[in-house]
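Listing of final35.cif, mmCIF, C-alpha atoms and all ligand atoms
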data_start
#
loop_
_atom_site.label_atom_id
_atom_site.label_comp_id
_atom_site.auth_asym_id
_atom_site.auth_seq_id
_atom_site.Cartn_x
_atom_site.Cartn_y
_atom_site.Cartn_z
CA MET A 1 24.02 29.05 11.50
CA ASN A 2 24.89 25.95 13.38
CA ARG A 3 25.62 23.03 11.10
CA ARG A 4 26.16 20.59 13.91
CA TYR A 5 22.53 20.31 14.83
CA ARG A 6 20.51 21.44 11.86
CA LYS A 7 20.35 21.75 8.10
CA THR A 8 21.25 24.93 6.31
CA ILE A 9 18.64 25.53 3.63
CA ILE A 10 18.79 28.11 0.87
CA ALA A 11 15.35 28.20 -0.75
CA GLY A 12 14.19 30.26 -3.69
CA ASN A 13 10.60 31.44 -3.90
CA TRP A 14 9.78 32.13 -7.51
CA LYS A 15 6.27 33.44 -6.75
CA MET A 16 4.28 33.98 -10.00
CA ASN A 17 7.35 34.00 -12.23
CA ASN A 18 8.86 31.67 -14.82
CA THR A 19 6.99 29.64 -17.41
CA LEU A 20 8.05 26.11 -18.23
CA SER A 21 10.43 27.28 -20.95
CA GLN A 22 11.90 29.88 -18.63
CA THR A 23 12.34 27.16 -16.00
CA LYS A 24 14.29 25.10 -18.55
CA ALA A 25 16.46 28.10 -19.42
CA PHE A 26 17.14 28.73 -15.71
CA ALA A 27 18.20 25.09 -15.25
CA GLU A 28 20.57 25.31 -18.22
CA GLU A 29 22.13 28.45 -16.82
CA ILE A 30 22.55 27.29 -13.23
CA LYS A 31 23.84 23.77 -13.88
CA PRO A 32 27.38 24.71 -14.91
CA ILE A 33 27.80 27.21 -12.07
CA MET A 34 26.27 25.28 -9.17
CA PRO A 35 28.81 24.87 -6.33
CA LYS A 36 30.01 21.29 -6.09
CA GLY A 37 30.31 20.96 -2.31
CA LYS A 38 27.04 19.98 -0.72
CA TRP A 39 27.15 21.78 2.57
CA CYS A 40 23.78 23.40 2.33
CA ASN A 41 20.51 22.09 0.98
CA VAL A 42 19.13 24.02 -1.95
CA VAL A 43 15.44 24.28 -2.78
CA LEU A 44 13.45 26.08 -5.45
CA CYS A 45 9.76 26.69 -4.75
CA VAL A 46 8.15 27.05 -8.14
CA PRO A 47 4.68 27.60 -9.63
CA ALA A 48 2.62 24.39 -9.42
CA THR A 49 2.58 23.93 -13.20
CA ASN A 50 6.38 23.64 -13.19
CA ILE A 51 6.86 21.24 -10.28
CA GLN A 52 7.03 17.98 -12.19
CA ALA A 53 9.37 19.28 -14.86
CA ALA A 54 11.51 21.11 -12.31
CA VAL A 55 12.04 17.93 -10.30
CA ARG A 56 13.55 16.36 -13.42
CA LEU A 57 15.43 19.45 -14.59
CA PHE A 58 17.17 20.18 -11.28
CA LYS A 59 17.86 16.63 -10.15
CA ASP A 60 21.43 16.57 -11.46
CA CYS A 61 22.40 19.68 -9.58
CA HIS A 62 20.86 18.57 -6.29
CA ILE A 63 18.19 21.23 -6.09
CA ALA A 64 15.03 19.95 -4.40
CA ILE A 65 11.68 21.35 -5.48
CA GLY A 66 8.93 22.91 -3.42
CA ALA A 67 5.49 24.37 -3.99
CA GLU A 68 4.44 27.87 -2.94
CA THR A 69 1.24 26.94 -1.09
CA CYS A 70 -1.22 24.08 -0.70
CA HIS A 71 -4.84 23.68 0.35
CA GLU A 72 -5.58 22.58 3.91
CA LEU A 73 -7.94 19.76 2.92
CA ASP A 74 -7.09 16.56 1.11
CA HIS A 75 -9.83 16.73 -1.55
CA GLY A 76 -13.06 18.51 -2.38
CA ALA A 77 -14.94 21.10 -4.37
CA TYR A 78 -12.38 23.91 -4.23
CA THR A 79 -11.95 25.01 -7.82
CA GLY A 80 -8.41 26.00 -8.61
CA GLU A 81 -6.80 24.65 -5.45
CA ILE A 82 -4.26 21.85 -5.10
CA THR A 83 -3.64 19.47 -2.22
CA ALA A 84 -0.42 18.63 -0.43
CA ALA A 85 -0.68 15.04 -1.73
CA MET A 86 -0.85 16.33 -5.33
CA ILE A 87 2.29 18.35 -4.71
CA LYS A 88 4.02 15.37 -3.13
CA GLU A 89 3.14 13.06 -6.01
CA ALA A 90 4.42 15.63 -8.47
CA GLY A 91 7.80 15.09 -6.82
CA ALA A 92 8.14 18.13 -4.56
CA LYS A 93 9.65 17.84 -1.09
CA TYR A 94 8.79 21.22 0.39
CA VAL A 95 5.87 23.64 0.49
CA ILE A 96 5.84 27.27 1.59
CA ILE A 97 3.01 27.97 3.99
CA GLY A 98 1.63 31.28 5.18
CA HIS A 99 3.77 33.53 3.02
CA SER A 100 2.82 37.13 3.75
CA GLU A 101 1.48 37.52 0.20
CA ARG A 102 -0.89 34.61 0.85
CA ARG A 103 -1.90 36.14 4.16
CA GLN A 104 -2.39 39.56 2.60
CA TYR A 105 -4.04 38.76 -0.75
CA TYR A 106 -5.78 35.45 0.00
CA ASN A 107 -6.87 36.02 3.59
CA GLU A 108 -4.81 33.24 5.11
CA THR A 109 -4.96 33.46 8.88
CA ASP A 110 -2.80 31.86 11.54
CA PHE A 111 -5.49 29.20 11.82
CA THR A 112 -5.46 28.31 8.12
CA VAL A 113 -1.69 28.26 8.32
CA ASN A 114 -1.92 25.68 11.12
CA LYS A 115 -4.31 23.51 9.07
CA LYS A 116 -2.00 23.72 6.07
CA VAL A 117 1.01 22.77 8.18
CA HIS A 118 -0.86 19.64 9.29
CA ALA A 119 -1.85 18.88 5.69
CA ALA A 120 1.74 19.25 4.48
CA ILE A 121 3.16 17.02 7.21
CA GLU A 122 0.43 14.44 6.61
CA ALA A 123 1.40 14.30 2.93
CA GLY A 124 5.09 13.94 3.75
CA LEU A 125 6.14 17.44 2.70
CA VAL A 126 8.41 19.73 4.69
CA PRO A 127 6.54 22.95 5.42
CA ILE A 128 8.44 26.23 5.20
CA ILE A 129 6.32 28.35 7.52
CA CYS A 130 6.56 32.10 7.04
CA VAL A 131 6.13 34.53 9.91
CA GLY A 132 6.88 38.23 10.10
CA GLU A 133 5.78 41.63 11.28
CA SER A 134 4.70 44.73 9.38
CA LEU A 135 6.54 48.02 9.72
CA GLU A 136 3.76 49.39 11.94
CA GLN A 137 4.01 46.38 14.23
CA ARG A 138 7.80 46.75 14.47
CA GLU A 139 7.44 50.44 15.28
CA LEU A 140 4.86 49.64 17.95
CA GLY A 141 7.38 47.31 19.57
CA VAL A 142 5.22 44.19 19.32
CA THR A 143 7.43 42.16 16.95
CA MET A 144 8.46 39.49 19.44
CA GLU A 145 4.94 38.94 20.79
CA LEU A 146 3.53 38.75 17.30
CA ILE A 147 6.16 36.31 16.05
CA ALA A 148 5.69 34.09 19.11
CA TYR A 149 1.93 34.10 18.48
CA GLN A 150 2.37 33.23 14.79
CA VAL A 151 4.80 30.41 15.56
CA LYS A 152 2.62 28.95 18.31
CA CYS A 153 -0.49 29.04 16.12
CA ALA A 154 1.31 27.54 13.13
CA LEU A 155 2.63 24.64 15.21
CA ALA A 156 -0.46 23.99 17.32
CA ASN A 157 -0.97 20.26 17.86
CA VAL A 158 2.04 19.29 15.77
CA ALA A 159 3.94 16.41 17.41
CA PRO A 160 7.46 17.27 18.66
CA GLU A 161 9.14 14.70 16.40
CA LYS A 162 7.48 16.42 13.43
CA VAL A 163 8.43 19.91 14.60
CA ARG A 164 12.10 18.91 14.45
CA HIS A 165 11.91 18.67 10.67
CA ILE A 166 9.96 21.77 9.82
CA VAL A 167 11.44 25.01 8.51
CA ILE A 168 10.46 28.45 9.74
CA ALA A 169 11.20 31.54 7.68
CA TYR A 170 11.33 34.89 9.44
CA GLU A 171 10.24 37.38 6.80
CA PRO A 172 9.60 40.93 8.01
CA LEU A 173 6.93 42.32 5.67
CA TRP A 174 8.76 45.61 5.26
CA ALA A 175 11.76 43.78 3.81
CA ILE A 176 9.97 41.63 1.22
CA GLY A 177 10.56 42.80 -2.31
CA THR A 178 11.51 46.27 -1.07
CA GLY A 179 15.28 46.06 -1.29
CA LYS A 180 15.25 47.01 2.39
CA THR A 181 16.87 44.15 4.31
CA ALA A 182 16.71 43.63 8.05
CA THR A 183 20.11 44.18 9.61
CA ALA A 184 21.96 41.01 10.54
CA GLU A 185 21.31 41.86 14.20
CA GLN A 186 17.56 42.29 13.65
CA ALA A 187 17.37 39.02 11.72
CA GLY A 188 19.49 37.20 14.28
CA GLU A 189 17.48 38.54 17.20
CA VAL A 190 14.11 37.42 15.83
CA CYS A 191 15.39 34.04 14.64
CA GLN A 192 16.80 33.47 18.12
CA ALA A 193 13.44 34.45 19.64
CA ILE A 194 11.71 31.92 17.36
CA ARG A 195 14.04 29.20 18.61
CA THR A 196 13.30 30.21 22.20
CA VAL A 197 9.55 29.88 21.56
CA ILE A 198 10.12 26.39 20.18
CA ARG A 199 12.39 25.47 23.06
CA LYS A 200 9.77 26.50 25.61
CA GLN A 201 7.09 24.48 23.85
CA TYR A 202 9.05 21.44 22.72
CA GLY A 203 12.37 21.38 24.58
CA ALA A 204 15.99 22.07 23.64
CA HIS A 205 16.43 18.93 21.57
CA VAL A 206 13.67 19.89 19.15
CA ALA A 207 14.56 23.59 19.11
CA ARG A 208 18.16 23.06 18.13
CA SER A 209 17.29 20.95 15.11
CA VAL A 210 14.74 23.30 13.52
CA THR A 211 16.01 25.24 10.52
CA ILE A 212 15.14 28.93 10.79
CA GLN A 213 15.61 31.03 7.67
CA TYR A 214 15.66 34.75 7.11
CA GLY A 215 13.80 36.15 4.11
CA GLY A 216 13.31 39.64 2.76
CA SER A 217 15.60 41.15 0.12
CA MET A 218 18.38 38.66 0.83
CA ASN A 219 20.86 38.95 -2.01
CA ALA A 220 24.36 38.10 -3.17
CA LYS A 221 25.80 41.04 -1.23
CA ASN A 222 24.12 40.75 2.16
CA ALA A 223 23.72 36.96 2.43
CA GLN A 224 26.99 36.25 4.16
CA GLU A 225 26.45 38.72 6.97
CA LEU A 226 22.89 37.51 7.60
CA LEU A 227 23.93 33.85 7.52
CA ALA A 228 26.73 34.51 9.99
CA GLN A 229 24.11 34.94 12.73
CA PRO A 230 24.05 31.79 14.88
CA ASP A 231 20.28 31.31 14.62
CA VAL A 232 19.93 32.13 10.90
CA ASP A 233 20.13 28.74 9.19
CA GLY A 234 19.46 29.78 5.64
CA GLY A 235 17.36 32.05 3.50
CA LEU A 236 14.07 32.26 1.67
CA ILE A 237 14.84 34.28 -1.39
CA GLY A 238 12.46 35.92 -3.84
CA GLY A 239 13.94 38.38 -6.35
CA ALA A 240 17.53 37.13 -6.20
CA ALA A 241 16.35 33.53 -6.81
CA LEU A 242 15.18 34.53 -10.29
CA LYS A 243 18.76 35.13 -11.43
CA PRO A 244 20.92 31.99 -11.48
CA ALA A 245 24.19 33.84 -10.87
CA ASP A 246 22.82 35.71 -7.84
CA PHE A 247 21.19 32.61 -6.41
CA VAL A 248 24.48 30.73 -6.73
CA LYS A 249 26.32 33.52 -4.90
CA ILE A 250 23.91 33.13 -1.98
CA ILE A 251 24.48 29.36 -1.96
CA GLU A 252 28.23 30.00 -1.96
CA ALA A 253 27.87 32.40 0.97
CA ALA A 254 25.99 29.67 2.86
CA ASN A 255 28.69 27.14 2.01
CA GLN A 256 31.39 29.43 3.36
CA GLU A 257 29.83 30.13 6.69
P1 LIG B 301 12.43 38.96 -1.71
O1 LIG B 301 11.24 37.94 -1.36
O2 LIG B 301 13.71 38.21 -1.54
O3 LIG B 301 12.17 39.37 -3.13
O4 LIG B 301 12.33 40.10 -0.76
C1 LIG B 301 11.36 37.07 -0.27
C2 LIG B 301 10.07 36.30 -0.11
O5 LIG B 301 9.00 36.88 -0.34
O6 LIG B 301 10.09 35.11 0.26
#
Transcribe the structure of this file into structure tokens.
Amino acid sequence: MNRRYRKTIIAGNWKMNNTLSQTKAFAEEIKPIMPKGKWCNVVLCVPATNIQAAVRLFKDCHIAIGAETCHELDHGAYTGEITAAMIKEAGAKYVIIGHSERRQYYNETDFTVNKKVHAAIEAGLVPIICVGESLEQRELGVTMELIAYQVKCALANVAPEKVRHIVIAYEPLWAIGTGKTATAEQAGEVCQAIRTVIRKQYGAHVARSVTIQYGGSMNAKNAQELLAQPDVDGGLIGGAALKPADFVKIIEAANQE
């Protein structure tokens, strides 16, 4: 990571886990053990029903709250969906967009991802845009082309001054929830390639200020090595973000780097 130019962000992705009472219990447990130094920004992306309470519960320990997805439109007859403005008014600052589970189970394409990125920015949220290849794609040797394509689509028609503040998470599909982490070199290589794509499109000034995270079985043990890569500016963490002690260890690893 490179603290001089960009934020380090450790973000948890709770997915479909934790009720309101479990969120309260998590807050109680993490508060006394949260590192005091504020080197890195810490975010928890929680189920929509918990956003408002989580904003209150985690305020004291400087954990910002995010949502896990949003709809691309700002209102309408879309039963069950929520807009970026609703998320913003609930007090969240971030929203994950295009997570591979959304792409896989809810048919989100690179084009819907782009619309959602615009919706998030419009509402004043920071999008955490997920990109990543499957095992088959990695074995075919098309990882870099695919990632470049995903990044370009996600950012299409986004103004350079807005791109500076977005977050991109490189999450190889084969590493999500599998316990199989990318090596630090693999993570570093793809995160560097993402920055190169941004540099070519938007220039060096924009590219160096974008936070690029690694996600996929990041845990208390491997975090430090992954975060030591110059282009890995943080992590998007699923499983290990459900356990306060493990999540704190990852934050500590980010603070040390
Ligand atoms: P994992 O999930 O850390 O459990 O692999 C990461 C993610 O899906 O964002």
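Each of A:Ala193, A:Ile237, A:Ile129, A:Ala67 was compared to ligand LIG 301 (chain B) using all atoms listed in the file, and A:Ile237 turns out to be the nearest.
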_Within 6 Å of ligand LIG 301 (chain B), counting all atoms listed in the file, residues as a ChimeraX atom specification_ = /A:13,175-177,215-218,236-239
*Residue with smallest distance to Glu136 of chain A - pool A:Leu173, A:Ile9, A:Ile212, A:Ile87, counting only C-alpha atoms*: A:Leu173
*Work out how far apart atom CA of Lys59 of chain A and atom CA of Gln224 of chain A are and give it in Å to one decimal.*
25.9 Å
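With all atoms listed in the file as the atoms that count, the minimum distance from Met16 of chain A to the choices A:Ala187, A:Leu242, A:Ile128, A:Val206 is reached by A:Leu242.
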*So which residues are close to (0.8, 28.9, 18.4), meaning at most 12 Å away in the file's coordinates with all atoms listed in the file counted, and can you show them as a ChimeraX atom specification?*
/A:110-111,113-115,117,131,145-158,194,197-198,200-202
*Neighbour list for Thr112 of chain A as a PyMOL selection string, cut-off 10 Å, all atoms listed in the file, skip fewer than 5 positions in-chain*: chain A and resi 71-72+97-98+103+107+117-118+153-154
Give me a file of those residues, with C-alpha atoms, as an mmCIF file, in the coordinates of the input.
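Output saved as selection_1.cif:
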data_model
loop_
_atom_site.group_PDB
_atom_site.id
_atom_site.type_symbol
_atom_site.label_atom_id
_atom_site.label_comp_id
_atom_site.auth_asym_id
_atom_site.auth_seq_id
_atom_site.Cartn_x
_atom_site.Cartn_y
_atom_site.Cartn_z
ATOM 1 C CA HIS A 71 -4.840 23.680 0.350
ATOM 2 C CA GLU A 72 -5.580 22.580 3.910
ATOM 3 C CA ILE A 97 3.010 27.970 3.990
ATOM 4 C CA GLY A 98 1.630 31.280 5.180
ATOM 5 C CA ARG A 103 -1.900 36.140 4.160
ATOM 6 C CA ASN A 107 -6.870 36.020 3.590
ATOM 7 C CA VAL A 117 1.010 22.770 8.180
ATOM 8 C CA HIS A 118 -0.860 19.640 9.290
ATOM 9 C CA CYS A 153 -0.490 29.040 16.120
ATOM 10 C CA ALA A 154 1.310 27.540 13.130
#
*Give the answer as one residue: which of A:Ile250, A:Ile166, A:Leu44, A:Ala182 has the shortest atom-to-atom distance to Arg138 of chain A, using all atoms listed in the file?*
A:Ala182
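Computed from the coordinates, the atom CA of Glu225 of chain A to atom CA of Trp39 of chain A distance equals 17.5 Å.
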*Rounded to one decimal in Å, what is the spacing between atom CA of Gln192 of chain A and atom CA of Pro230 of chain A?*
8.1 Å
*Nearest residue to Glu101 of chain A from the set A:Leu226, A:Ile63, A:Ala241, A:Cys130 (distances using all atoms listed in the file)*: A:Cys130
_Which residues are close to Ser209 of chain A, i.e. within 12 Å by all atoms listed in the file, leaving aside same-chain residues fewer than 2 positions away? Reply as a ChimeraX atom specification._
/A:1-8,160-168,195,198-199,202-207,211-212,231,233
*Rank A:His75, A:Glu108, A:Asp60, A:Ala220 by their smallest atom-to-atom distance to Lys243 of chain A, using all atoms listed in the file, and report the top residue only.*
A:Ala220
_Quick one: residues within 12 Å of Lys221 of chain A, only C-alpha atoms, excluding same-chain residues fewer than 5 positions away - as a VMD selection string?_
chain A and resid 179 181 226 to 227 240 246 to 253
With 8 Å added on each side, what axis-aligned box encloses every listed atom of segment 92-104 of chain A? Give the centre and edge lengths in Å to one decimal, as lines of an AutoDock Vina configuration file.
center_x = 3.6
center_y = 28.7
center_z = 0.3
size_x = 28.0
size_y = 37.7
size_z = 25.7
*For Ala119 of chain A, list every protein, DNA or RNA residue within 9 Å, evaluated using all atoms listed in the file, and leave out those in the same chain fewer than 5 positions away; present the list as a PyMOL selection string.*
chain A and resi 70-74+83-85+114+124-125
Missing atoms in segment 208-220 of chain A: fill them in up to N, CA and C atoms and send the result as a PDB file, keeping the file's coordinate frame.
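Heads up, here's the output in part09.pdb:
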ATOM      1  N   ARG A 208      16.868  22.913  18.795  1.00  0.00           N
ATOM      2  CA  ARG A 208      18.160  23.060  18.130  1.00  0.00           C
ATOM      3  C   ARG A 208      18.210  22.410  16.749  1.00  0.00           C
ATOM      4  N   SER A 209      17.227  21.563  16.436  1.00  0.00           N
ATOM      5  CA  SER A 209      17.290  20.950  15.110  1.00  0.00           C
ATOM      6  C   SER A 209      16.376  21.606  14.065  1.00  0.00           C
ATOM      7  N   VAL A 210      15.622  22.622  14.481  1.00  0.00           N
ATOM      8  CA  VAL A 210      14.740  23.300  13.520  1.00  0.00           C
ATOM      9  C   VAL A 210      15.548  24.316  12.692  1.00  0.00           C
ATOM     10  N   THR A 211      15.346  24.271  11.396  1.00  0.00           N
ATOM     11  CA  THR A 211      16.010  25.240  10.520  1.00  0.00           C
ATOM     12  C   THR A 211      15.190  26.526  10.483  1.00  0.00           C
ATOM     13  N   ILE A 212      15.831  27.639  10.813  1.00  0.00           N
ATOM     14  CA  ILE A 212      15.140  28.930  10.790  1.00  0.00           C
ATOM     15  C   ILE A 212      15.824  29.828   9.761  1.00  0.00           C
ATOM     16  N   GLN A 213      15.055  30.214   8.755  1.00  0.00           N
ATOM     17  CA  GLN A 213      15.610  31.030   7.670  1.00  0.00           C
ATOM     18  C   GLN A 213      15.271  32.512   7.885  1.00  0.00           C
ATOM     19  N   TYR A 214      16.046  33.335   7.238  1.00  0.00           N
ATOM     20  CA  TYR A 214      15.660  34.750   7.110  1.00  0.00           C
ATOM     21  C   TYR A 214      15.231  34.971   5.660  1.00  0.00           C
ATOM     22  N   GLY A 215      14.212  35.787   5.468  1.00  0.00           N
ATOM     23  CA  GLY A 215      13.800  36.150   4.110  1.00  0.00           C
ATOM     24  C   GLY A 215      13.405  37.605   4.055  1.00  0.00           C
ATOM     25  N   GLY A 216      13.640  38.229   2.932  1.00  0.00           N
ATOM     26  CA  GLY A 216      13.310  39.640   2.760  1.00  0.00           C
ATOM     27  C   GLY A 216      14.516  40.359   2.185  1.00  0.00           C
ATOM     28  N   SER A 217      14.516  40.465   0.833  1.00  0.00           N
ATOM     29  CA  SER A 217      15.600  41.150   0.120  1.00  0.00           C
ATOM     30  C   SER A 217      16.985  40.585   0.442  1.00  0.00           C
ATOM     31  N   MET A 218      17.060  39.274   0.703  1.00  0.00           N
ATOM     32  CA  MET A 218      18.380  38.660   0.830  1.00  0.00           C
ATOM     33  C   MET A 218      18.979  38.601  -0.570  1.00  0.00           C
ATOM     34  N   ASN A 219      20.246  38.960  -0.679  1.00  0.00           N
ATOM     35  CA  ASN A 219      20.860  38.950  -2.010  1.00  0.00           C
ATOM     36  C   ASN A 219      22.326  38.538  -1.928  1.00  0.00           C
ATOM     37  N   ALA A 220      22.968  38.560  -3.095  1.00  0.00           N
ATOM     38  CA  ALA A 220      24.360  38.100  -3.170  1.00  0.00           C
ATOM     39  C   ALA A 220      25.264  38.911  -2.246  1.00  0.00           C
TER      40      ALA A 220
END
